[in-house]
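Student: Please see the structure below; I have some questions.
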Amino acid sequence: LHFDHNDNLFLQISGSKRFRIFEPLDAGNIYAYPVHHPLDRRAQVDLSGANGGWPRLAGAREREVTVGPGDVLFLPAYWWHEVYTLPVPPGELVVSINFWFGKAPSHLPLPLPGSYQLELVRQLEQLAATALISPRHLPAFMRAACAQMRAVEEATSASEVACWAVLDQLRPLGVDAKTWSGLYEYAASYAVLLLGPARALSFLDDLCDPARFECLRHRGV
């Protein structure tokens, strides 16, 4: 289960294939590998159910499509998909052609649509790993940022969250406090700017689920 950076016209010449497709914003529900993992752009879940224990998968919005000879499927960039070849009769072949293409937008649409939000969180991962010196701090930062965002949402006045108390409580030993809080403020302000206040409050919860990043700690990066 993966996504591509470019739009794709998938033409089926002979035989049949089945696609399981998910929206870009399902990155958290399918536990997308982080940018710094060797399996970047792939999902950690196994759709066969062989590696269970992914509670968010139940919330993913799945589409299934079967293409046969002469069918063309348009797969937009950043849409997650897994492809299966259906049984092939003896003596026949399964032949497909991919035509990838892309064009940079003339302007940035606001609020950002799903594909842009997925790229935004990837850029946030890159920024956070650079600011915090190592990707191994990403699980802790995403957990702290999500918790602080929830505290902001639940606060009844600005004074309750002015000092980022929740954020600081989850700061790992050895991580500079100014860098930690500054990174959060930068990410939160851009989330509001690019997504709008309502969506910004749920952005980290949806696409930055800390469970996505635990694999980085296991690899010791």
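Every chain in the structure tokens takes a letter, A first, then B, and so on in the order presented; its residues are numbered from 1, and the ligands are numbered from 1 following the presented order.
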Taking the DSSP assignment computed from this structure's backbone, write out as an mmCIF file with N, CA and C atoms, in the first residue's frame all residues of chain A that belong to alpha helix (DSSP H).

Tutor:
```cif
data_model
loop_
_atom_site.group_PDB
_atom_site.id
_atom_site.type_symbol
_atom_site.label_atom_id
_atom_site.label_comp_id
_atom_site.auth_asym_id
_atom_site.auth_seq_id
_atom_site.Cartn_x
_atom_site.Cartn_y
_atom_site.Cartn_z
ATOM 1 N N GLY A 114 -6.545 17.592 0.435
ATOM 2 C CA GLY A 114 -5.934 16.438 1.090
ATOM 3 C C GLY A 114 -4.524 16.108 0.643
ATOM 4 N N SER A 115 -4.273 16.124 -0.669
ATOM 5 C CA SER A 115 -2.939 15.771 -1.154
ATOM 6 C C SER A 115 -1.893 16.757 -0.650
ATOM 7 N N TYR A 116 -2.242 18.045 -0.597
ATOM 8 C CA TYR A 116 -1.319 19.049 -0.103
ATOM 9 C C TYR A 116 -1.104 18.893 1.402
ATOM 10 N N GLN A 117 -2.133 18.460 2.120
ATOM 11 C CA GLN A 117 -1.971 18.261 3.560
ATOM 12 C C GLN A 117 -1.009 17.118 3.845
ATOM 13 N N LEU A 118 -1.067 16.066 3.028
ATOM 14 C CA LEU A 118 -0.133 14.961 3.204
ATOM 15 C C LEU A 118 1.295 15.431 2.950
ATOM 16 N N GLU A 119 1.489 16.251 1.930
ATOM 17 C CA GLU A 119 2.832 16.785 1.672
ATOM 18 C C GLU A 119 3.250 17.740 2.782
ATOM 19 N N LEU A 120 2.301 18.494 3.343
ATOM 20 C CA LEU A 120 2.611 19.406 4.440
ATOM 21 C C LEU A 120 3.149 18.649 5.647
ATOM 22 N N VAL A 121 2.526 17.530 5.981
ATOM 23 C CA VAL A 121 3.003 16.785 7.145
ATOM 24 C C VAL A 121 4.357 16.152 6.862
ATOM 25 N N ARG A 122 4.631 15.801 5.612
ATOM 26 C CA ARG A 122 5.954 15.274 5.265
ATOM 27 C C ARG A 122 7.018 16.361 5.431
ATOM 28 N N GLN A 123 6.679 17.589 5.041
ATOM 29 C CA GLN A 123 7.615 18.692 5.226
ATOM 30 C C GLN A 123 7.819 18.982 6.718
ATOM 31 N N LEU A 124 6.743 18.838 7.500
ATOM 32 C CA LEU A 124 6.855 19.029 8.942
ATOM 33 C C LEU A 124 7.793 17.983 9.547
ATOM 34 N N GLU A 125 7.691 16.747 9.089
ATOM 35 C CA GLU A 125 8.595 15.699 9.573
ATOM 36 C C GLU A 125 10.048 16.062 9.295
ATOM 37 N N GLN A 126 10.316 16.531 8.081
ATOM 38 C CA GLN A 126 11.682 16.909 7.719
ATOM 39 C C GLN A 126 12.177 18.049 8.603
ATOM 40 N N LEU A 127 11.331 19.056 8.795
ATOM 41 C CA LEU A 127 11.710 20.207 9.608
ATOM 42 C C LEU A 127 11.976 19.801 11.051
ATOM 43 N N ALA A 128 11.079 18.998 11.620
ATOM 44 C CA ALA A 128 11.215 18.608 13.020
ATOM 45 C C ALA A 128 12.480 17.790 13.248
ATOM 46 N N ALA A 129 12.770 16.864 12.342
ATOM 47 C CA ALA A 129 13.969 16.040 12.501
ATOM 48 C C ALA A 129 15.229 16.884 12.423
ATOM 49 N N THR A 130 15.219 17.901 11.554
ATOM 50 C CA THR A 130 16.381 18.786 11.444
ATOM 51 C C THR A 130 16.538 19.649 12.695
ATOM 52 N N ALA A 131 15.435 20.230 13.152
ATOM 53 C CA ALA A 131 15.493 21.113 14.321
ATOM 54 C C ALA A 131 15.871 20.355 15.587
ATOM 55 N N LEU A 138 11.068 12.338 16.802
ATOM 56 C CA LEU A 138 9.786 12.595 16.161
ATOM 57 C C LEU A 138 8.604 11.988 16.916
ATOM 58 N N PRO A 139 8.688 10.726 17.392
ATOM 59 C CA PRO A 139 7.533 10.187 18.131
ATOM 60 C C PRO A 139 7.161 11.054 19.332
ATOM 61 N N ALA A 140 8.163 11.496 20.087
ATOM 62 C CA ALA A 140 7.890 12.320 21.267
ATOM 63 C C ALA A 140 7.330 13.683 20.869
ATOM 64 N N PHE A 141 7.872 14.282 19.811
ATOM 65 C CA PHE A 141 7.378 15.600 19.418
ATOM 66 C C PHE A 141 5.939 15.522 18.917
ATOM 67 N N MET A 142 5.625 14.528 18.099
ATOM 68 C CA MET A 142 4.263 14.412 17.581
ATOM 69 C C MET A 142 3.282 14.149 18.712
ATOM 70 N N ARG A 143 3.696 13.343 19.699
ATOM 71 C CA ARG A 143 2.825 13.070 20.846
ATOM 72 C C ARG A 143 2.590 14.355 21.646
ATOM 73 N N ALA A 144 3.647 15.122 21.852
ATOM 74 C CA ALA A 144 3.526 16.363 22.611
ATOM 75 C C ALA A 144 2.702 17.399 21.846
ATOM 76 N N ALA A 145 2.934 17.498 20.541
ATOM 77 C CA ALA A 145 2.196 18.472 19.738
ATOM 78 C C ALA A 145 0.707 18.143 19.707
ATOM 79 N N CYS A 146 0.371 16.857 19.561
ATOM 80 C CA CYS A 146 -1.038 16.448 19.573
ATOM 81 C C CYS A 146 -1.682 16.777 20.916
ATOM 82 N N ALA A 147 -0.969 16.480 22.003
ATOM 83 C CA ALA A 147 -1.510 16.746 23.339
ATOM 84 C C ALA A 147 -1.698 18.245 23.555
ATOM 85 N N GLN A 148 -0.745 19.057 23.091
ATOM 86 C CA GLN A 148 -0.865 20.502 23.263
ATOM 87 C C GLN A 148 -2.006 21.056 22.415
ATOM 88 N N MET A 149 -2.182 20.539 21.212
ATOM 89 C CA MET A 149 -3.287 20.984 20.365
ATOM 90 C C MET A 149 -4.627 20.694 21.029
ATOM 91 N N ARG A 150 -4.741 19.506 21.649
ATOM 92 C CA ARG A 150 -5.979 19.174 22.342
ATOM 93 C C ARG A 150 -6.197 20.110 23.528
ATOM 94 N N ALA A 151 -5.100 20.464 24.225
ATOM 95 C CA ALA A 151 -5.212 21.395 25.347
ATOM 96 C C ALA A 151 -5.677 22.763 24.870
ATOM 97 N N VAL A 152 -5.199 23.192 23.709
ATOM 98 C CA VAL A 152 -5.636 24.468 23.140
ATOM 99 C C VAL A 152 -7.124 24.423 22.829
ATOM 100 N N GLU A 153 -7.563 23.302 22.257
ATOM 101 C CA GLU A 153 -8.970 23.162 21.877
ATOM 102 C C GLU A 153 -9.883 23.183 23.091
ATOM 103 N N GLU A 154 -9.411 22.587 24.189
ATOM 104 C CA GLU A 154 -10.254 22.455 25.379
ATOM 105 C C GLU A 154 -10.157 23.651 26.320
ATOM 106 N N ALA A 165 2.394 24.413 28.739
ATOM 107 C CA ALA A 165 2.758 23.515 29.834
ATOM 108 C C ALA A 165 2.700 22.056 29.413
ATOM 109 N N VAL A 166 1.657 21.670 28.695
ATOM 110 C CA VAL A 166 1.521 20.271 28.270
ATOM 111 C C VAL A 166 2.679 19.890 27.363
ATOM 112 N N LEU A 167 3.017 20.761 26.450
ATOM 113 C CA LEU A 167 4.117 20.518 25.516
ATOM 114 C C LEU A 167 5.425 20.292 26.254
ATOM 115 N N ASP A 168 5.708 21.138 27.241
ATOM 116 C CA ASP A 168 6.984 21.056 27.956
ATOM 117 C C ASP A 168 7.070 19.808 28.822
ATOM 118 N N GLN A 169 5.938 19.370 29.362
ATOM 119 C CA GLN A 169 5.947 18.161 30.193
ATOM 120 C C GLN A 169 6.400 16.936 29.404
ATOM 121 N N ALA A 177 14.648 23.439 25.323
ATOM 122 C CA ALA A 177 13.261 23.867 25.540
ATOM 123 C C ALA A 177 12.825 24.914 24.519
ATOM 124 N N LYS A 178 13.710 25.843 24.184
ATOM 125 C CA LYS A 178 13.357 26.888 23.225
ATOM 126 C C LYS A 178 13.117 26.308 21.839
ATOM 127 N N THR A 179 13.949 25.371 21.445
ATOM 128 C CA THR A 179 13.764 24.707 20.148
ATOM 129 C C THR A 179 12.463 23.916 20.123
ATOM 130 N N TRP A 180 12.183 23.223 21.213
ATOM 131 C CA TRP A 180 10.989 22.384 21.330
ATOM 132 C C TRP A 180 9.711 23.211 21.186
ATOM 133 N N SER A 181 9.626 24.300 21.962
ATOM 134 C CA SER A 181 8.424 25.138 21.912
ATOM 135 C C SER A 181 8.369 25.942 20.616
ATOM 136 N N GLY A 182 9.516 26.396 20.130
ATOM 137 C CA GLY A 182 9.539 27.159 18.891
ATOM 138 C C GLY A 182 9.092 26.340 17.701
ATOM 139 N N LEU A 183 9.479 25.081 17.686
ATOM 140 C CA LEU A 183 9.060 24.198 16.600
ATOM 141 C C LEU A 183 7.554 24.009 16.616
ATOM 142 N N TYR A 184 6.993 23.837 17.803
ATOM 143 C CA TYR A 184 5.542 23.689 17.909
ATOM 144 C C TYR A 184 4.822 24.956 17.454
ATOM 145 N N GLU A 185 5.288 26.101 17.909
ATOM 146 C CA GLU A 185 4.644 27.364 17.538
ATOM 147 C C GLU A 185 4.688 27.578 16.026
ATOM 148 N N TYR A 186 5.809 27.247 15.421
ATOM 149 C CA TYR A 186 5.955 27.401 13.967
ATOM 150 C C TYR A 186 4.975 26.480 13.242
ATOM 151 N N ALA A 187 4.927 25.203 13.661
ATOM 152 C CA ALA A 187 4.038 24.233 13.003
ATOM 153 C C ALA A 187 2.578 24.608 13.207
ATOM 154 N N ALA A 188 2.221 25.005 14.417
ATOM 155 C CA ALA A 188 0.827 25.336 14.710
ATOM 156 C C ALA A 188 0.378 26.573 13.942
ATOM 157 N N SER A 189 1.249 27.580 13.857
ATOM 158 C CA SER A 189 0.865 28.814 13.162
ATOM 159 C C SER A 189 0.674 28.567 11.675
ATOM 160 N N TYR A 190 1.540 27.743 11.078
ATOM 161 C CA TYR A 190 1.384 27.453 9.652
ATOM 162 C C TYR A 190 0.179 26.563 9.398
ATOM 163 N N ALA A 191 -0.138 25.685 10.347
ATOM 164 C CA ALA A 191 -1.335 24.858 10.194
ATOM 165 C C ALA A 191 -2.582 25.737 10.151
ATOM 166 N N VAL A 192 -2.638 26.752 11.015
ATOM 167 C CA VAL A 192 -3.771 27.678 11.017
ATOM 168 C C VAL A 192 -3.816 28.468 9.719
ATOM 169 N N LEU A 193 -2.649 28.913 9.259
ATOM 170 C CA LEU A 193 -2.582 29.721 8.044
ATOM 171 C C LEU A 193 -3.021 28.925 6.812
ATOM 172 N N LEU A 194 -2.557 27.683 6.696
ATOM 173 C CA LEU A 194 -2.776 26.902 5.482
ATOM 174 C C LEU A 194 -4.053 26.066 5.508
ATOM 175 N N LEU A 195 -4.554 25.762 6.714
ATOM 176 C CA LEU A 195 -5.708 24.871 6.821
ATOM 177 C C LEU A 195 -6.945 25.545 7.395
ATOM 178 N N PRO A 197 -8.425 27.627 11.135
ATOM 179 C CA PRO A 197 -8.409 27.290 12.561
ATOM 180 C C PRO A 197 -9.096 25.961 12.895
ATOM 181 N N ALA A 198 -10.249 25.693 12.293
ATOM 182 C CA ALA A 198 -10.992 24.483 12.651
ATOM 183 C C ALA A 198 -10.213 23.225 12.275
ATOM 184 N N ARG A 199 -9.669 23.189 11.067
ATOM 185 C CA ARG A 199 -8.935 22.015 10.616
ATOM 186 C C ARG A 199 -7.586 21.894 11.320
ATOM 187 N N ALA A 200 -6.952 23.017 11.646
ATOM 188 C CA ALA A 200 -5.644 22.980 12.295
ATOM 189 C C ALA A 200 -5.695 22.217 13.612
ATOM 190 N N LEU A 201 -6.815 22.311 14.332
ATOM 191 C CA LEU A 201 -6.925 21.639 15.622
ATOM 192 C C LEU A 201 -6.904 20.115 15.495
ATOM 193 N N SER A 202 -7.350 19.600 14.356
ATOM 194 C CA SER A 202 -7.379 18.142 14.183
ATOM 195 C C SER A 202 -6.278 17.636 13.256
ATOM 196 N N PHE A 203 -5.531 18.541 12.643
ATOM 197 C CA PHE A 203 -4.517 18.150 11.663
ATOM 198 C C PHE A 203 -3.484 17.201 12.265
ATOM 199 N N LEU A 204 -2.936 17.548 13.424
ATOM 200 C CA LEU A 204 -1.916 16.709 14.033
ATOM 201 C C LEU A 204 -2.482 15.361 14.454
ATOM 202 N N ASP A 205 -3.690 15.369 15.001
ATOM 203 C CA ASP A 205 -4.306 14.107 15.402
ATOM 204 C C ASP A 205 -4.519 13.185 14.208
ATOM 205 N N ASP A 206 -4.916 13.752 13.069
ATOM 206 C CA ASP A 206 -5.254 12.935 11.908
ATOM 207 C C ASP A 206 -4.025 12.395 11.183
ATOM 208 N N LEU A 207 -3.062 13.258 10.891
ATOM 209 C CA LEU A 207 -1.932 12.857 10.062
ATOM 210 C C LEU A 207 -0.642 12.626 10.838
ATOM 211 N N GLU A 214 6.707 5.393 15.754
ATOM 212 C CA GLU A 214 7.396 4.497 16.680
ATOM 213 C C GLU A 214 8.434 3.647 15.954
ATOM 214 N N CYS A 215 8.222 3.372 14.663
ATOM 215 C CA CYS A 215 9.173 2.550 13.919
ATOM 216 C C CYS A 215 10.541 3.218 13.825
ATOM 217 N N LEU A 216 10.601 4.537 13.953
ATOM 218 C CA LEU A 216 11.889 5.218 13.903
ATOM 219 C C LEU A 216 12.695 4.931 15.172
ATOM 220 N N ARG A 217 12.026 4.855 16.309
ATOM 221 C CA ARG A 217 12.725 4.535 17.541
ATOM 222 C C ARG A 217 13.234 3.099 17.510
ATOM 223 N N HIS A 218 12.450 2.194 16.928
ATOM 224 C CA HIS A 218 12.863 0.797 16.875
ATOM 225 C C HIS A 218 14.080 0.619 15.979
ATOM 226 N N ARG A 219 14.219 1.478 14.960
ATOM 227 C CA ARG A 219 15.376 1.387 14.073
ATOM 228 C C ARG A 219 16.598 2.069 14.657
#
```

Student: Which is closest to A:Arg63 among A:Val95, A:Ala155, A:Leu75, A:Leu112, if we use only C-alpha atoms?

Tutor: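 Counting only C-alpha atoms, the residue closest to A:Arg63 is A:Leu75.
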
Student: What is the atom CA of A:Asp209-atom CA of A:Val65 distance in Å, reported with one decimal?

Tutor: 28.2 Å

Student: From the list A:Ile13, A:Val45, A:Ala32, A:Ala104, which residue is nearest A:Ala77 when using only C-alpha atoms?

Tutor: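 Distance minimum relative to A:Ala77 lands on A:Ala104.
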
Student: Skip A:Arg41 itself and residues of its chain fewer than 3 positions away, then list as a PyMOL selection string all residues within 9 Å of it, counting only C-alpha atoms.

Tutor: chain A and resi 1-5+32-35+78+80

Student: What is the distance, in Å and to one decimal place, between atom CA of A:Leu39 and atom CA of A:Ser96?

Tutor: 24.4 Å

Student: In terms of the shortest atom-to-atom distance over only C-alpha atoms, which of A:Ser14, A:Ser48, A:Gly59, A:Arg42 is closest to A:Val88?

Tutor: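 Comparing A:Ser14, A:Ser48, A:Gly59, A:Arg42 against A:Val88, the winner is A:Ser14.
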